[in-house]
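Presented below is the structure to which this report refers.
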Amino acid sequence: MRSSLKGSSLNAGRRARELDSLGREPVDVLVIGGGVTGAGVALDAAARGLSVVLAEKHDLAFGTSRWSSKLVHGGLRYLASGAVGIAHESAVERGILIGRTAPHLVAPFPQVVPLLPQVNHRHAALVQAGFLAGDALRASAHTSRHTLPRSRRIRSQEVQRFAPTVRTTGLRGGLLAWDGQLYDDARLTIGIARTAAALGARVLTRCAGEQVTGHGAVLRDELTGRAHDVDARIVINAAGVWAGQVAPGIELRPSRGTHLVLSQESFGGLTAGLTVPVPGSTSRFVFALPAPDDHVYVGITDEDAPGDIPDVPLASEEEVDFLLETVSSALRSPLTRADLLGTFSGLRPLLHTGGDSTADISRRHAVITASDGLVTIVGGKLTTYRRMAQDALDAALDSAGITAGPCSTRRLPLVGAASREVLEAVDAPARLVRKYGTEAVVVAGDAGRAEAICVGTETSAAELRFAVQHEGALDEDDLLDRRTRIGLDPITRERAVEAARAALQSPQPIGSERG
Ligand SMILES: Cc1cc2nc3c(=O)[nH]c(=O)nc-3n(C[C@H](O)[C@H](O)[C@H](O)COP(=O)(O)OP(=O)(O)OC[C@H]3O[C@@H](n4cnc5c(N)ncnc54)[C@H](O)[C@@H]3O)c2cc1C
């Protein structure tokens with residue numbers, strides 16, 4: 001099977017051409033911020049036939065969109081707090097991602113709660129009731145049992161098959177439920193942005209939005225310092241935790257979530273999400289999640305993070321200890337700092353609504369239209385990016401009195417997407433199909449570059465070249481920290497730098513579209 005890149009390729013050549021074209025005429029929609037939300041808005045607008053510029057100060061998925069737990073939630077957590085509408089919305093969006101728009105990147109994912117002595121019978125009954133409510137949500141969102149099986153009680157042996165290092169003393173079986181898991185969050189963002197680019201959107205990284213109003217902005221090329229005036233009929237601020245810096249008057253109350261990165265060896269080959277209750281709580285859990293490159297992510301925390309917003313948030317010592325202790329409470333031998341490969345932390349872009357703690361703040365997304373027409377979209381989550389984009393754009397079109405086509409992103413597959421049957425038939429290694437979908441044939445076709453670039457990662461030189469020529473990677477950081485996630489393990493990152501440099505110098509384009 002061949003895969004055509006059909007105008008979706010992002011690279012330095014296209015960026016230079018599109019930057020040069022700025023300012024010639026007003027655009028319909030200017031989006032500030034290239035996280036999952038901004039990319040989603042750009043895609044929705046381009047799919048409605050509008051002209052679009054997306055300006056991202058650093059790189060696609062530079063912000064929170066690469067620091068998530070990489071789960072596509074069915075909204076169970078919202079049900080627990082009685083937010084049925086948001087829970088249903090999450091379940092619907094999960095079904096759209098798994099079934100149509102990104103079946104290559106989002107896979108059904110089993111999660112196991114081991115019933116250990118610290119989970120008493122009442123607590124177990126509560127978790128089971130929650131899982132049953134999750135089944136009902138799935139059914140109400142019309143996601144079939146074939147895609148996401150029903151939750152069920154499992155025996156101790158089955159718990160151990162999923163999680164070989166789980167404690168066996170006092171284990172009375174487990175509870176199993178299914179949700180969605182992303183291959184990688186940054187790759188979802190890049191896939192959305194490239195799909196927008198295929199529909200004509202100009203996706204400009206290293207391009208900061210300054211003096212942003214409802215009618216345009218100055219876009220500063222961070223590589224040359226050159227400023228471009230852009231007039232727009234609609235401007236949407238999707239700058240995540242930085243939204244308040246783009247639109248004065250927007251106040252955020254970020255909370256930090258941290259994950260640890262460990263090796264699969266430390267878990268004896270984990271094949272499900274291991275869900276461990278936080279001692280003393282019936283509603284908080286720590287998760288151990290199998291991840292690419294034989295990693296396991298252990299998260300997450302929820303810490304108030306007031307003050308200045310760093311470009312890259314860092315885990316605190318207390319968070320690391322808390323996560324290690326909590327996950328170890330379910331394991332035969334405790335994990336220690338010696339097991340750690342790395343950590344990552346992200347800030348949730350929560351709107352400040354006046355309460356005292358971040359737990360009081362609505363996790364639903366908010367669309368705010370300023371008096372000059374500037375529309376800000378914040379909050380929400382990765383899972384609901386498509387719906388957030390639709391709501392923001394509908395509000396902006398309405399406020400500007402512009403008529404455009406209806407939203408069509410529910411049925412619009414992202415680059416590389418195809419049905420599960422088609423994906424199974426793609427003539428490329430399964431790992432590449434999970435990462436690239438139908439485009440895996442292009443990467444696999446780069447013969448002679450299929451070997452892993454170094455110890456500690458499965459990434460090949462062919463993948464790095466593809467990232468430079470088609471996925472908009474402009475430098476080593478883009479390659480190691482967002483197109484791949486090699487950077488999550490700093491030691492492997494050191495080893496991989498040379499291969500990243502070589503890919504950036506590589507002269508020959510691969511695939512069907514040249515830069
Ligand atoms: C620890 C953690 C775990 C999570 N886990 C999950 C999960 O498992 N599932 C889920 O569905 N959701 C999850 N979420 C939520 C989800 O990650 C976020 O809601 C989502 O990524 C926010 O995306 P965004 O595009 O709004 O913000 P961001 O990704 O932060 O994007 C904003 C972008 O704007 C850019 N920018 C800023 N200022 C400017 C400017 N002046 N000009 C141009 N660009 C600018 C930034 O560089 C950045 O790239 C999690 C969040 C956290 C923190």
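Chain identifiers are assigned as A, B, and so on, following the order in which chains appear in the structure tokens; residues are numbered from 1 within each chain, and ligands are numbered from 1 in order of appearance.
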
Inset, instruction - Residues within 6 Å of ligand 1 should be enumerated using only C-alpha atoms and all ligand atoms and returned as a VMD selection string. - result: chain A and resid 32 to 38 55 to 58 60 to 65 67 to 73 208 to 210 238 to 242 246 256 to 258 345 to 348 378 to 383

Inset, instruction - Quick one: pick out all helix (DSSP H, G or I) residues within range 300-511 of chain A from a backbone DSSP run and write them as a ChimeraX atom specification. - result: /A:317-328,337-339,358-360,382-400,409-411,420-424,430-444,461-470,476-483,486-488,490-505

Legend entry - Residues of range 12-78 of chain A in strand (DSSP E or B), written as a VMD selection string: chain A and resid 27 to 32 52 to 55 71 to 72

Next, write the just-selected residues to a file, as an mmCIF file, in the first residue's frame, keeping N, CA and C atoms as the atom set.
data_model
loop_
_atom_site.group_PDB
_atom_site.id
_atom_site.type_symbol
_atom_site.label_atom_id
_atom_site.label_comp_id
_atom_site.auth_asym_id
_atom_site.auth_seq_id
_atom_site.Cartn_x
_atom_site.Cartn_y
_atom_site.Cartn_z
ATOM 1 N N VAL A 27 -6.324 37.188 6.784
ATOM 2 C CA VAL A 27 -6.761 35.792 6.836
ATOM 3 C C VAL A 27 -8.110 35.732 7.545
ATOM 4 N N ASP A 28 -8.821 34.638 7.318
ATOM 5 C CA ASP A 28 -10.097 34.470 8.022
ATOM 6 C C ASP A 28 -9.849 34.212 9.508
ATOM 7 N N VAL A 29 -8.952 33.257 9.792
ATOM 8 C CA VAL A 29 -8.765 32.842 11.188
ATOM 9 C C VAL A 29 -7.273 32.811 11.531
ATOM 10 N N LEU A 30 -6.910 33.530 12.593
ATOM 11 C CA LEU A 30 -5.550 33.455 13.135
ATOM 12 C C LEU A 30 -5.636 32.751 14.483
ATOM 13 N N VAL A 31 -4.859 31.672 14.635
ATOM 14 C CA VAL A 31 -4.860 30.913 15.883
ATOM 15 C C VAL A 31 -3.524 31.148 16.575
ATOM 16 N N ILE A 32 -3.561 31.485 17.861
ATOM 17 C CA ILE A 32 -2.329 31.673 18.635
ATOM 18 C C ILE A 32 -2.172 30.458 19.546
ATOM 19 N N VAL A 52 -6.487 30.010 7.084
ATOM 20 C CA VAL A 52 -6.035 29.875 8.474
ATOM 21 C C VAL A 52 -4.535 30.086 8.589
ATOM 22 N N VAL A 53 -4.143 30.839 9.627
ATOM 23 C CA VAL A 53 -2.734 30.873 10.045
ATOM 24 C C VAL A 53 -2.688 30.423 11.498
ATOM 25 N N LEU A 54 -1.826 29.456 11.808
ATOM 26 C CA LEU A 54 -1.599 29.051 13.200
ATOM 27 C C LEU A 54 -0.184 29.486 13.569
ATOM 28 N N ALA A 55 -0.066 30.295 14.630
ATOM 29 C CA ALA A 55 1.258 30.745 15.071
ATOM 30 C C ALA A 55 1.598 30.090 16.402
ATOM 31 N N LEU A 71 -3.841 9.455 27.998
ATOM 32 C CA LEU A 71 -5.063 8.635 28.027
ATOM 33 C C LEU A 71 -6.175 9.373 27.306
ATOM 34 N N VAL A 72 -7.036 8.610 26.672
ATOM 35 C CA VAL A 72 -8.220 9.198 26.046
ATOM 36 C C VAL A 72 -9.388 8.726 26.904
#

Legend entry - Which residue of A:His259, A:Val166, A:Phe109, A:Ala87 approaches Pro334 in chain A most closely, using only C-alpha atoms: A:Val166

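Close contacts of range 403-416 of chain A, defined as residues with an atom at most 7 Å away when counting only C-alpha atoms, with chain neighbours fewer than 3 positions off set aside, comprise Asp44, Ala47, Arg48, Gly49, Ile96, Arg100, Thr101, Ala102, Gly191, Ile192, Arg194, Thr195, Gln390, Leu397, Tyr436, Gly437, Thr438 and Glu439 of chain A.
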
Those residues you just picked out, can you put them in a file as a CSV table (one decimal), in the first residue's frame with all heavy atoms?
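Contents of result.csv, freshly written:
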chain,number,residue,atom,x,y,z
A,44,ASP,N,-10.3,22.6,12.3
A,44,ASP,CA,-11.8,22.8,12.2
A,44,ASP,C,-12.0,24.0,11.2
A,44,ASP,O,-12.8,23.9,10.3
A,44,ASP,CB,-12.4,23.1,13.5
A,44,ASP,CG,-13.9,23.2,13.5
A,44,ASP,OD1,-14.5,23.5,12.5
A,44,ASP,OD2,-14.5,22.9,14.6
A,47,ALA,N,-11.1,23.1,7.6
A,47,ALA,CA,-12.1,22.1,7.1
A,47,ALA,C,-13.5,22.8,6.7
A,47,ALA,O,-14.2,22.3,6.0
A,47,ALA,CB,-12.4,21.0,8.1
A,48,ARG,N,-13.7,24.0,7.3
A,48,ARG,CA,-14.9,24.8,7.0
A,48,ARG,C,-14.6,25.7,5.8
A,48,ARG,O,-15.5,26.5,5.4
A,48,ARG,CB,-15.3,25.6,8.2
A,48,ARG,CG,-15.8,24.8,9.4
A,48,ARG,CD,-16.4,25.8,10.4
A,48,ARG,NE,-16.4,25.2,11.7
A,48,ARG,CZ,-17.3,25.4,12.7
A,48,ARG,NH1,-18.4,26.1,12.4
A,48,ARG,NH2,-17.2,24.8,13.9
A,49,GLY,N,-13.4,25.6,5.2
A,49,GLY,CA,-13.1,26.3,4.0
A,49,GLY,C,-12.6,27.7,4.3
A,49,GLY,O,-12.5,28.6,3.4
A,96,ILE,N,-15.0,8.9,18.9
A,96,ILE,CA,-14.6,9.5,17.6
A,96,ILE,C,-13.2,9.2,17.3
A,96,ILE,O,-12.8,8.8,16.2
A,96,ILE,CB,-15.0,11.0,17.6
A,96,ILE,CG1,-16.5,11.2,17.7
A,96,ILE,CG2,-14.3,11.7,16.4
A,96,ILE,CD1,-16.9,12.7,17.9
A,100,ARG,N,-12.7,6.6,14.3
A,100,ARG,CA,-12.7,7.3,13.0
A,100,ARG,C,-11.5,8.2,12.8
A,100,ARG,O,-10.7,8.0,11.8
A,100,ARG,CB,-13.9,8.1,12.8
A,100,ARG,CG,-14.0,8.7,11.4
A,100,ARG,CD,-15.3,9.3,11.2
A,100,ARG,NE,-16.3,8.3,10.8
A,100,ARG,CZ,-16.6,8.0,9.5
A,100,ARG,NH1,-15.9,8.6,8.5
A,100,ARG,NH2,-17.5,7.2,9.2
A,101,THR,N,-11.3,9.2,13.7
A,101,THR,CA,-10.3,10.2,13.4
A,101,THR,C,-8.8,9.8,13.6
A,101,THR,O,-7.9,10.2,12.9
A,101,THR,CB,-10.6,11.5,14.1
A,101,THR,OG1,-10.6,11.3,15.5
A,101,THR,CG2,-11.9,12.1,13.7
A,102,ALA,N,-8.6,8.9,14.6
A,102,ALA,CA,-7.2,8.5,14.9
A,102,ALA,C,-7.1,7.1,15.4
A,102,ALA,O,-6.4,6.9,16.4
A,102,ALA,CB,-6.6,9.5,15.9
A,191,GLY,N,-0.2,15.4,14.3
A,191,GLY,CA,-1.1,14.8,13.3
A,191,GLY,C,-2.3,15.8,13.0
A,191,GLY,O,-2.7,15.9,11.8
A,192,ILE,N,-2.8,16.4,14.0
A,192,ILE,CA,-3.9,17.4,13.8
A,192,ILE,C,-3.4,18.5,13.0
A,192,ILE,O,-4.1,19.0,12.0
A,192,ILE,CB,-4.5,17.8,15.1
A,192,ILE,CG1,-5.1,16.7,15.9
A,192,ILE,CG2,-5.6,18.9,14.9
A,192,ILE,CD1,-5.4,17.0,17.4
A,194,ARG,N,-0.9,18.7,10.9
A,194,ARG,CA,-0.6,18.3,9.5
A,194,ARG,C,-1.9,18.1,8.7
A,194,ARG,O,-1.9,18.4,7.5
A,194,ARG,CB,0.3,17.0,9.5
A,194,ARG,CG,1.7,17.3,9.9
A,194,ARG,CD,2.5,16.0,9.8
A,194,ARG,NE,2.5,15.5,8.4
A,194,ARG,CZ,2.5,14.2,8.1
A,194,ARG,NH1,2.6,13.3,9.1
A,194,ARG,NH2,2.4,13.8,6.9
A,195,THR,N,-2.9,17.6,9.4
A,195,THR,CA,-4.2,17.5,8.7
A,195,THR,C,-4.7,18.9,8.3
A,195,THR,O,-5.2,19.1,7.2
A,195,THR,CB,-5.2,16.7,9.5
A,195,THR,OG1,-4.5,15.5,10.0
A,195,THR,CG2,-6.4,16.3,8.7
A,390,GLN,N,-14.5,23.2,18.1
A,390,GLN,CA,-15.8,23.4,17.5
A,390,GLN,C,-16.5,24.6,18.2
A,390,GLN,O,-17.0,25.5,17.6
A,390,GLN,CB,-16.6,22.2,17.5
A,390,GLN,CG,-18.0,22.3,16.9
A,390,GLN,CD,-18.8,21.0,16.9
A,390,GLN,OE1,-18.3,20.0,17.2
A,390,GLN,NE2,-20.1,21.2,16.7
A,397,LEU,N,-17.2,32.8,15.1
A,397,LEU,CA,-18.0,33.0,13.9
A,397,LEU,C,-19.2,33.8,14.2
A,397,LEU,O,-19.6,34.8,13.5
A,397,LEU,CB,-18.3,31.7,13.1
A,397,LEU,CG,-17.2,31.0,12.5
A,397,LEU,CD1,-17.6,29.6,12.1
A,397,LEU,CD2,-16.7,31.7,11.2
A,436,TYR,N,2.5,5.8,13.0
A,436,TYR,CA,2.3,6.6,11.7
A,436,TYR,C,1.0,6.2,11.0
A,436,TYR,O,0.7,6.8,10.0
A,436,TYR,CB,3.5,6.4,10.8
A,436,TYR,CG,4.8,6.9,11.3
A,436,TYR,CD1,5.7,6.0,12.0
A,436,TYR,CD2,5.2,8.3,11.2
A,436,TYR,CE1,6.9,6.5,12.5
A,436,TYR,CE2,6.4,8.7,11.7
A,436,TYR,CZ,7.2,7.8,12.4
A,436,TYR,OH,8.4,8.2,12.9
A,437,GLY,N,0.4,5.2,11.4
A,437,GLY,CA,-0.8,4.7,10.6
A,437,GLY,C,-0.4,4.3,9.2
A,437,GLY,O,0.7,3.7,9.0
A,438,THR,N,-1.1,4.7,8.2
A,438,THR,CA,-0.8,4.3,6.8
A,438,THR,C,0.5,4.9,6.3
A,438,THR,O,1.1,4.4,5.4
A,438,THR,CB,-2.0,4.7,5.9
A,438,THR,OG1,-2.2,6.1,6.0
A,438,THR,CG2,-3.3,4.0,6.2
A,439,GLU,N,0.9,6.0,7.0
A,439,GLU,CA,2.2,6.6,6.5
A,439,GLU,C,3.4,5.7,6.9
A,439,GLU,O,4.5,6.0,6.5
A,439,GLU,CB,2.3,8.0,7.2
A,439,GLU,CG,1.3,9.0,6.6
A,439,GLU,CD,1.6,10.4,7.0
A,439,GLU,OE1,2.1,10.6,8.1
A,439,GLU,OE2,1.3,11.3,6.2

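Among the candidates A:Ser283, A:Arg161, A:Asp304, A:Asn120, the one nearest to Gly269 in chain A when counting only C-alpha atoms is A:Arg161.
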
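For the pair CA of Leu464 in chain A and CA of Arg434 in chain A, the interatomic distance is 16.2 Å.
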
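Minimum atom-to-atom distance to Ala272 in chain A, evaluated using only C-alpha atoms, belongs to A:Val113 out of A:Ala330, A:Ala389, A:Val113, A:Ala198.
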